[in-house]
$ cat protein24.pdb   # PDB, C-alpha atoms (C1' of nucleotides)
ATOM      1  CA  MET A 210     -14.010  22.042   0.883  1.00  0.00           C
ATOM      2  CA  ASN A 211     -10.599  22.416   2.354  1.00  0.00           C
ATOM      3  CA  TYR A 212      -7.635  23.574   0.400  1.00  0.00           C
ATOM      4  CA  GLY A 213      -3.979  24.209   0.903  1.00  0.00           C
ATOM      5  CA  PHE A 214      -0.777  24.877  -0.995  1.00  0.00           C
ATOM      6  CA  HIS A 215       2.068  22.428  -0.731  1.00  0.00           C
ATOM      7  CA  PRO A 216       5.475  21.859  -2.280  1.00  0.00           C
ATOM      8  CA  SER A 217       5.844  19.140  -4.870  1.00  0.00           C
ATOM      9  CA  PRO A 218       8.538  17.879  -7.208  1.00  0.00           C
ATOM     10  CA  PHE A 219       6.990  20.109  -9.878  1.00  0.00           C
ATOM     11  CA  GLY A 220       6.361  23.295  -7.998  1.00  0.00           C
ATOM     12  CA  VAL A 221       3.635  24.390  -5.680  1.00  0.00           C
ATOM     13  CA  VAL A 222       0.423  22.418  -5.824  1.00  0.00           C
ATOM     14  CA  LEU A 223      -3.008  23.451  -4.728  1.00  0.00           C
ATOM     15  CA  VAL A 224      -4.763  20.566  -3.034  1.00  0.00           C
ATOM     16  CA  ILE A 225      -8.523  20.625  -2.610  1.00  0.00           C
ATOM     17  CA  ALA A 226     -10.245  18.062  -0.444  1.00  0.00           C
ATOM     18  CA  THR A 227     -13.700  17.278   0.785  1.00  0.00           C
ATOM     19  CA  ASP A 228     -14.699  15.009   3.615  1.00  0.00           C
ATOM     20  CA  ARG A 229     -15.085  12.305   0.984  1.00  0.00           C
ATOM     21  CA  GLY A 230     -11.582  12.549  -0.384  1.00  0.00           C
ATOM     22  CA  LEU A 231      -9.374  14.400  -2.777  1.00  0.00           C
ATOM     23  CA  ALA A 232     -11.308  16.632  -5.133  1.00  0.00           C
ATOM     24  CA  GLY A 233      -8.734  18.825  -6.809  1.00  0.00           C
ATOM     25  CA  LEU A 234      -5.050  19.027  -7.500  1.00  0.00           C
ATOM     26  CA  ALA A 235      -3.585  21.860  -9.532  1.00  0.00           C
ATOM     27  CA  PHE A 236      -0.139  23.264 -10.118  1.00  0.00           C
ATOM     28  CA  ALA A 237       0.551  26.869  -9.350  1.00  0.00           C
ATOM     29  CA  GLU A 238       3.343  29.130 -10.431  1.00  0.00           C
ATOM     30  CA  ARG A 239       5.083  30.943  -7.670  1.00  0.00           C
ATOM     31  CA  GLY A 240       3.083  34.083  -7.016  1.00  0.00           C
ATOM     32  CA  GLU A 241       0.115  32.798  -8.975  1.00  0.00           C
ATOM     33  CA  GLU A 242      -1.457  30.836  -6.191  1.00  0.00           C
ATOM     34  CA  LYS A 243      -4.431  33.134  -6.153  1.00  0.00           C
ATOM     35  CA  ALA A 244      -5.051  32.706  -9.859  1.00  0.00           C
ATOM     36  CA  THR A 245      -4.862  28.954  -9.517  1.00  0.00           C
ATOM     37  CA  LEU A 246      -7.285  28.988  -6.665  1.00  0.00           C
ATOM     38  CA  ASP A 247      -9.689  31.105  -8.694  1.00  0.00           C
ATOM     39  CA  ASP A 248      -9.333  28.710 -11.573  1.00  0.00           C
ATOM     40  CA  MET A 249     -10.305  25.820  -9.335  1.00  0.00           C
ATOM     41  CA  THR A 250     -13.115  27.440  -7.414  1.00  0.00           C
ATOM     42  CA  ARG A 251     -14.706  28.421 -10.711  1.00  0.00           C
ATOM     43  CA  ARG A 252     -15.287  24.729 -11.320  1.00  0.00           C
ATOM     44  CA  TRP A 253     -17.498  24.357  -8.305  1.00  0.00           C
ATOM     45  CA  PRO A 254     -18.931  27.827  -7.693  1.00  0.00           C
ATOM     46  CA  LYS A 255     -21.446  26.667  -5.112  1.00  0.00           C
ATOM     47  CA  ALA A 256     -18.884  25.160  -2.798  1.00  0.00           C
ATOM     48  CA  ARG A 257     -17.532  26.800   0.287  1.00  0.00           C
ATOM     49  CA  TYR A 258     -13.767  27.002   0.547  1.00  0.00           C
ATOM     50  CA  VAL A 259     -11.752  26.982   3.726  1.00  0.00           C
ATOM     51  CA  GLU A 260      -7.991  27.052   3.854  1.00  0.00           C
ATOM     52  CA  ASP A 261      -6.769  24.130   5.899  1.00  0.00           C
ATOM     53  CA  ALA A 262      -3.257  23.161   4.924  1.00  0.00           C
ATOM     54  CA  ALA A 263      -3.051  20.759   7.837  1.00  0.00           C
ATOM     55  CA  ALA A 264      -5.848  18.702   6.330  1.00  0.00           C
ATOM     56  CA  THR A 265      -4.498  18.681   2.804  1.00  0.00           C
ATOM     57  CA  ALA A 266      -0.807  18.182   3.565  1.00  0.00           C
ATOM     58  CA  PRO A 267      -1.049  14.402   4.011  1.00  0.00           C
ATOM     59  CA  LEU A 268      -2.849  14.107   0.697  1.00  0.00           C
ATOM     60  CA  ALA A 269      -0.187  16.081  -1.097  1.00  0.00           C
ATOM     61  CA  GLN A 270       2.514  13.949   0.413  1.00  0.00           C
ATOM     62  CA  ARG A 271       0.795  10.754  -0.546  1.00  0.00           C
ATOM     63  CA  VAL A 272       0.088  11.703  -4.116  1.00  0.00           C
ATOM     64  CA  PHE A 273       3.691  12.463  -4.905  1.00  0.00           C
ATOM     65  CA  ASP A 274       5.176   9.410  -3.254  1.00  0.00           C
ATOM     66  CA  PRO A 275       4.537   6.244  -5.278  1.00  0.00           C
ATOM     67  CA  ALA A 276       5.640   4.181  -2.318  1.00  0.00           C
ATOM     68  CA  LEU A 277       2.333   5.140  -0.747  1.00  0.00           C
ATOM     69  CA  TRP A 278       0.251   4.089  -3.757  1.00  0.00           C
ATOM     70  CA  ARG A 279      -0.861   0.896  -2.119  1.00  0.00           C
ATOM     71  CA  SER A 280      -4.101  -0.829  -2.902  1.00  0.00           C
ATOM     72  CA  ASP A 281      -4.741  -1.514   0.748  1.00  0.00           C
ATOM     73  CA  ARG A 282      -4.906   2.203   1.309  1.00  0.00           C
ATOM     74  CA  PRO A 283      -6.538   3.518  -1.834  1.00  0.00           C
ATOM     75  CA  LEU A 284      -6.567   7.217  -2.356  1.00  0.00           C
ATOM     76  CA  ARG A 285     -10.089   8.450  -2.031  1.00  0.00           C
ATOM     77  CA  ILE A 286     -10.968  10.848  -4.770  1.00  0.00           C
ATOM     78  CA  VAL A 287     -14.090  12.713  -5.743  1.00  0.00           C
ATOM     79  CA  MET A 288     -14.599  13.526  -9.376  1.00  0.00           C
ATOM     80  CA  ILE A 289     -16.880  16.452  -9.915  1.00  0.00           C
ATOM     81  CA  GLY A 290     -17.725  17.193 -13.504  1.00  0.00           C
ATOM     82  CA  THR A 291     -20.065  16.583 -16.396  1.00  0.00           C
ATOM     83  CA  ASP A 292     -20.838  13.097 -17.659  1.00  0.00           C
ATOM     84  CA  PHE A 293     -18.461  13.480 -20.515  1.00  0.00           C
ATOM     85  CA  GLU A 294     -15.620  14.732 -18.371  1.00  0.00           C
ATOM     86  CA  VAL A 295     -15.985  12.042 -15.771  1.00  0.00           C
ATOM     87  CA  ARG A 296     -15.964   9.380 -18.448  1.00  0.00           C
ATOM     88  CA  VAL A 297     -12.784  10.783 -19.910  1.00  0.00           C
ATOM     89  CA  TRP A 298     -11.098  10.964 -16.528  1.00  0.00           C
ATOM     90  CA  GLU A 299     -12.072   7.437 -15.620  1.00  0.00           C
ATOM     91  CA  THR A 300     -10.597   6.257 -18.869  1.00  0.00           C
ATOM     92  CA  LEU A 301      -7.414   8.062 -17.995  1.00  0.00           C
ATOM     93  CA  LEU A 302      -7.222   6.402 -14.616  1.00  0.00           C
ATOM     94  CA  ARG A 303      -6.742   3.100 -16.393  1.00  0.00           C
ATOM     95  CA  VAL A 304      -3.580   4.275 -18.102  1.00  0.00           C
ATOM     96  CA  PRO A 305      -0.720   2.587 -16.265  1.00  0.00           C
ATOM     97  CA  LEU A 306       2.295   4.374 -14.886  1.00  0.00           C
ATOM     98  CA  GLY A 307       4.624   5.187 -17.723  1.00  0.00           C
ATOM     99  CA  GLY A 308       1.977   4.266 -20.272  1.00  0.00           C
ATOM    100  CA  ALA A 309       0.590   6.568 -22.857  1.00  0.00           C
ATOM    101  CA  THR A 310      -2.560   6.993 -24.827  1.00  0.00           C
ATOM    102  CA  THR A 311      -3.857   9.400 -27.411  1.00  0.00           C
ATOM    103  CA  TYR A 312      -6.682  11.873 -27.465  1.00  0.00           C
ATOM    104  CA  SER A 313      -8.359  10.151 -30.356  1.00  0.00           C
ATOM    105  CA  ALA A 314      -8.140   6.753 -28.672  1.00  0.00           C
ATOM    106  CA  ILE A 315     -10.009   8.102 -25.661  1.00  0.00           C
ATOM    107  CA  ALA A 316     -12.408   9.869 -27.953  1.00  0.00           C
ATOM    108  CA  SER A 317     -13.481   6.701 -29.689  1.00  0.00           C
ATOM    109  CA  LYS A 318     -14.008   4.976 -26.351  1.00  0.00           C
ATOM    110  CA  VAL A 319     -16.029   7.758 -24.819  1.00  0.00           C
ATOM    111  CA  CYS A 320     -17.820   9.110 -27.844  1.00  0.00           C
ATOM    112  CA  THR A 321     -16.952   9.211 -31.522  1.00  0.00           C
ATOM    113  CA  ALA A 322     -13.469   9.091 -32.973  1.00  0.00           C
ATOM    114  CA  LYS A 323     -13.839  12.691 -33.992  1.00  0.00           C
ATOM    115  CA  ALA A 324     -14.304  13.963 -30.484  1.00  0.00           C
ATOM    116  CA  ALA A 325     -10.572  14.148 -29.931  1.00  0.00           C
ATOM    117  CA  ARG A 326     -10.732  17.846 -29.425  1.00  0.00           C
ATOM    118  CA  ALA A 327     -13.529  17.515 -26.926  1.00  0.00           C
ATOM    119  CA  VAL A 328     -11.374  15.038 -25.076  1.00  0.00           C
ATOM    120  CA  GLY A 329      -8.550  17.494 -25.113  1.00  0.00           C
ATOM    121  CA  ALA A 330     -10.797  20.117 -23.618  1.00  0.00           C
ATOM    122  CA  ALA A 331     -12.050  17.720 -20.970  1.00  0.00           C
ATOM    123  CA  VAL A 332      -8.597  16.479 -20.100  1.00  0.00           C
ATOM    124  CA  GLY A 333      -7.422  20.033 -19.883  1.00  0.00           C
ATOM    125  CA  ARG A 334     -10.179  20.800 -17.446  1.00  0.00           C
ATOM    126  CA  ASN A 335      -9.258  17.842 -15.322  1.00  0.00           C
ATOM    127  CA  PRO A 336      -9.299  19.091 -11.728  1.00  0.00           C
ATOM    128  CA  LEU A 337      -7.220  16.175 -10.502  1.00  0.00           C
ATOM    129  CA  SER A 338      -4.079  16.911 -12.411  1.00  0.00           C
ATOM    130  CA  PHE A 339      -1.389  14.314 -11.875  1.00  0.00           C
ATOM    131  CA  VAL A 340      -3.687  11.943  -9.995  1.00  0.00           C
ATOM    132  CA  VAL A 341      -5.627  11.544 -13.187  1.00  0.00           C
ATOM    133  CA  PRO A 342      -2.729  11.054 -15.563  1.00  0.00           C
ATOM    134  CA  CYS A 343      -3.595  13.804 -17.958  1.00  0.00           C
ATOM    135  CA  HIS A 344       0.093  14.057 -18.749  1.00  0.00           C
ATOM    136  CA  ARG A 345       0.224  10.571 -20.245  1.00  0.00           C
ATOM    137  CA  VAL A 346      -1.930  11.616 -23.135  1.00  0.00           C
ATOM    138  CA  VAL A 347      -0.119  12.472 -26.320  1.00  0.00           C
ATOM    139  CA  GLY A 348      -1.165  13.447 -29.780  1.00  0.00           C
ATOM    140  CA  LYS A 349      -1.979  10.891 -32.411  1.00  0.00           C
ATOM    141  CA  ASN A 350       1.491  11.070 -33.888  1.00  0.00           C
ATOM    142  CA  GLY A 351       3.180  10.710 -30.517  1.00  0.00           C
ATOM    143  CA  ASP A 352       3.887  14.362 -29.905  1.00  0.00           C
ATOM    144  CA  LEU A 353       3.302  16.215 -26.691  1.00  0.00           C
ATOM    145  CA  THR A 354       0.737  18.593 -28.030  1.00  0.00           C
ATOM    146  CA  GLY A 355      -0.132  20.725 -25.104  1.00  0.00           C
ATOM    147  CA  TYR A 356      -0.579  21.011 -21.420  1.00  0.00           C
ATOM    148  CA  HIS A 357      -2.706  23.335 -19.397  1.00  0.00           C
ATOM    149  CA  TRP A 358       0.033  23.965 -16.895  1.00  0.00           C
ATOM    150  CA  GLY A 359       2.819  24.151 -19.422  1.00  0.00           C
ATOM    151  CA  LEU A 360       4.581  21.677 -21.650  1.00  0.00           C
ATOM    152  CA  THR A 361       7.703  22.051 -19.576  1.00  0.00           C
ATOM    153  CA  ARG A 362       5.880  20.745 -16.538  1.00  0.00           C
ATOM    154  CA  LYS A 363       4.402  17.922 -18.583  1.00  0.00           C
ATOM    155  CA  ARG A 364       7.855  16.788 -19.634  1.00  0.00           C
ATOM    156  CA  ALA A 365       9.081  17.093 -16.070  1.00  0.00           C
ATOM    157  CA  ILE A 366       6.292  14.843 -14.832  1.00  0.00           C
ATOM    158  CA  LEU A 367       6.903  12.241 -17.499  1.00  0.00           C
ATOM    159  CA  GLY A 368      10.580  12.260 -16.716  1.00  0.00           C
ATOM    160  CA  TRP A 369       9.848  11.888 -13.024  1.00  0.00           C
ATOM    161  CA  GLU A 370       7.604   8.919 -13.701  1.00  0.00           C
ATOM    162  CA  ALA A 371      10.237   7.317 -15.865  1.00  0.00           C
ATOM    163  CA  GLY A 372      12.662   7.719 -13.000  1.00  0.00           C
ATOM    164  CA  LYS A 373      10.256   6.137 -10.543  1.00  0.00           C
ATOM    165  CA  LEU A 374       9.753   3.266 -12.948  1.00  0.00           C
ATOM    166  CA  SER A 375      13.419   2.434 -13.265  1.00  0.00           C
ATOM    167  CA  ALA A 376      13.810   2.817  -9.520  1.00  0.00           C
ATOM    168  CA  ALA A 377      11.035   0.293  -8.968  1.00  0.00           C
ATOM    169  CA  ALA A 378      12.525  -2.121 -11.476  1.00  0.00           C
TER
ATOM    170  C1'  DA B  20       5.580  24.234 -43.391  1.00  0.00           C
ATOM    171  C1'  DA B  21       1.603  26.746 -42.563  1.00  0.00           C
ATOM    172  C1'  DA B  22      -3.179  27.456 -42.867  1.00  0.00           C
ATOM    173  C1'  DC B  23      -7.947  25.659 -42.499  1.00  0.00           C
ATOM    174  C1'  DG B  24     -12.096  23.392 -41.432  1.00  0.00           C
ATOM    175  C1'  DA B  25     -14.688  19.679 -39.118  1.00  0.00           C
ATOM    176  C1'  DG B  26     -15.976  17.979 -35.034  1.00  0.00           C
ATOM    177  C1'  DG B  27     -17.782  17.468 -29.638  1.00  0.00           C
ATOM    178  C1'  DT B  28     -18.178  19.815 -25.457  1.00  0.00           C
ATOM    179  C1'  DT B  29     -17.940  23.544 -22.266  1.00  0.00           C
ATOM    180  C1'  DC B  30     -17.196  28.377 -20.807  1.00  0.00           C
ATOM    181  C1'  DC B  31     -18.312  33.184 -20.918  1.00  0.00           C
ATOM    182  C1'  DT B  32     -21.012  37.040 -22.091  1.00  0.00           C
TER
ATOM    183  C1'  DA C 137     -28.940  31.905 -27.102  1.00  0.00           C
ATOM    184  C1'  DG C 138     -24.477  32.927 -29.453  1.00  0.00           C
ATOM    185  C1'  DG C 139     -19.677  32.935 -29.938  1.00  0.00           C
ATOM    186  C1'  DA C 140     -15.183  31.592 -28.612  1.00  0.00           C
ATOM    187  C1'  DA C 141     -12.081  28.499 -26.704  1.00  0.00           C
ATOM    188  C1'  DC C 142      -9.864  23.805 -26.099  1.00  0.00           C
ATOM    189  C1'  DC C 143      -3.899  19.611 -23.990  1.00  0.00           C
ATOM    190  C1'  DT C 144      -6.885  17.495 -31.819  1.00  0.00           C
ATOM    191  C1'  DC C 145      -6.731  15.600 -36.494  1.00  0.00           C
ATOM    192  C1'  DG C 146      -6.680  15.168 -41.280  1.00  0.00           C
ATOM    193  C1'  DT C 147      -6.571  17.581 -45.475  1.00  0.00           C
ATOM    194  C1'  DT C 148      -5.411  21.269 -48.342  1.00  0.00           C
ATOM    195  C1'  DT C 149      -2.417  25.158 -49.952  1.00  0.00           C
TER
END

$ encode --input "protein24.pdb" --output "structure tokens"
Amino acid sequence: MNYGFHPSPFGVVLVIATDRGLAGLAFAERGEEKATLDDMTRRWPKARYVEDAAATAPLAQRVFDPALWRSDRPLRIVMIGTDFEVRVWETLLRVPLGGATTYSAIASKVCTAKAARAVGAAVGRNPLSFVVPCHRVVGKNGDLTGYHWGLTRKRAILGWEAGKLSAAA
DNA sequence: AAACGAGGTTCCT
DNA sequence: AGGAACCTCGTTT
């Protein structure tokens, strides 16, 4: 796996890629790049990691520029996780830009309605932050309940998306 | 408003 | 294997 750190509208992002496509995308606080990398590599302990910012830079650029989200050049992604997690993430991928869903709604689709917390855990462990719209999930009552990389960042992303939406319209 | 328990899955020891 | 943690939710103090 190749990885590299790149600037983004929301801070530094760690991009992890395999020869089959994008595998990981995580936000890092300034100075905490190492911790973020550890956090990611823990997900796939058996993988070999090589820093190659040149390989990951184009991916980072593409992900954060909606103008490049074209169906004729789909972003290739690789989802590595348990059955449950992958199901949750695939459900999330169907949430449209600017849309929102709830943990319990996903839970009832993937498992039972009471698995909301499990969904929360799975969403939180989502290695493809931002690409998989884990930030468009809100609590049942419409509140932003939590975010692995900070509620502040979650709000920033939602605001950014709202801006992109009005720009497109 | 705060505390609590149920509930599903995964992580860590 | 056992316990704790998690981006939850509904109910009870």

$ resolve_selection --input "protein24.pdb" --expression "the PyMOL selection byres ((chain A) within 7 of (chain C))" --output "list in words"
Ala325, Arg326, Gly329, Ala330, Val332, Gly333, Thr354, Gly355, Tyr356 and His357 of chain A

$ atom_distance --input "protein24.pdb" --atom1 "CA of Val224 in chain A" --atom2 "CA of Arg257 in chain A"
14.6 Å

$ axis_aligned_box --input "protein24.pdb" --around "range 236-243 of chain A" --padding-each-side "8 Å" --output "lines of an AutoDock Vina configuration file"
center_x = 0.3
center_y = 28.7
center_z = -8.3
size_x = 25.5
size_y = 26.8
size_z = 20.3

$ atom_distance --input "protein24.pdb" --atom1 "C1' of DT29 in chain B" --atom2 "CA of Trp253 in chain A"
14.0 Å

$ resolve_selection --input "protein24.pdb" --expression "the PyMOL selection byres ((chain B) within 8 of (chain A))" --output "PyMOL selection string"
chain B and resi 26-28

$ atom_distance --input "protein24.pdb" --atom1 "CA of Phe219 in chain A" --atom2 "CA of Thr311 in chain A"
23.2 Å

$ resolve_selection --input "protein24.pdb" --expression "the PyMOL selection byres ((chain A and resi 358) around 12)" --output "NGL selection string"
(:A and (219-222 or 234-238 or 241 or 245 or 248 or 332-336 or 338-339 or 343-344 or 355-357 or 359-366)) or (:C and (143))

$ residues_around --input "protein24.pdb" --residues "Leu302 in chain A" --least-positions-apart "4" --cutoff "8 Å" --atoms "all atoms listed in the file" --output "PyMOL selection string"
chain A and resi 298+341-342

$ decode --input "protein24.pdb" --residues "chain C" --atoms "C-alpha atoms (C1' of nucleotides)" --output "PDB file, in the first residue's frame"
ATOM      1  C1'  DA C 137     -12.505 -15.750  26.437  1.00  0.00           C
ATOM      2  C1'  DG C 138     -13.731 -11.357  28.823  1.00  0.00           C
ATOM      3  C1'  DG C 139     -14.335  -6.585  29.186  1.00  0.00           C
ATOM      4  C1'  DA C 140     -14.554  -2.088  27.320  1.00  0.00           C
ATOM      5  C1'  DA C 141     -15.490   0.984  23.782  1.00  0.00           C
ATOM      6  C1'  DC C 142     -18.424   3.062  19.988  1.00  0.00           C
ATOM      7  C1'  DC C 143     -20.132   8.964  15.530  1.00  0.00           C
ATOM      8  C1'  DT C 144     -27.070   5.579  19.417  1.00  0.00           C
ATOM      9  C1'  DC C 145     -31.754   5.470  21.291  1.00  0.00           C
ATOM     10  C1'  DG C 146     -35.500   5.304  24.297  1.00  0.00           C
ATOM     11  C1'  DT C 147     -36.854   5.319  28.944  1.00  0.00           C
ATOM     12  C1'  DT C 148     -36.428   6.484  33.595  1.00  0.00           C
ATOM     13  C1'  DT C 149     -35.058   9.538  37.527  1.00  0.00           C
TER      14       DT C 149
END
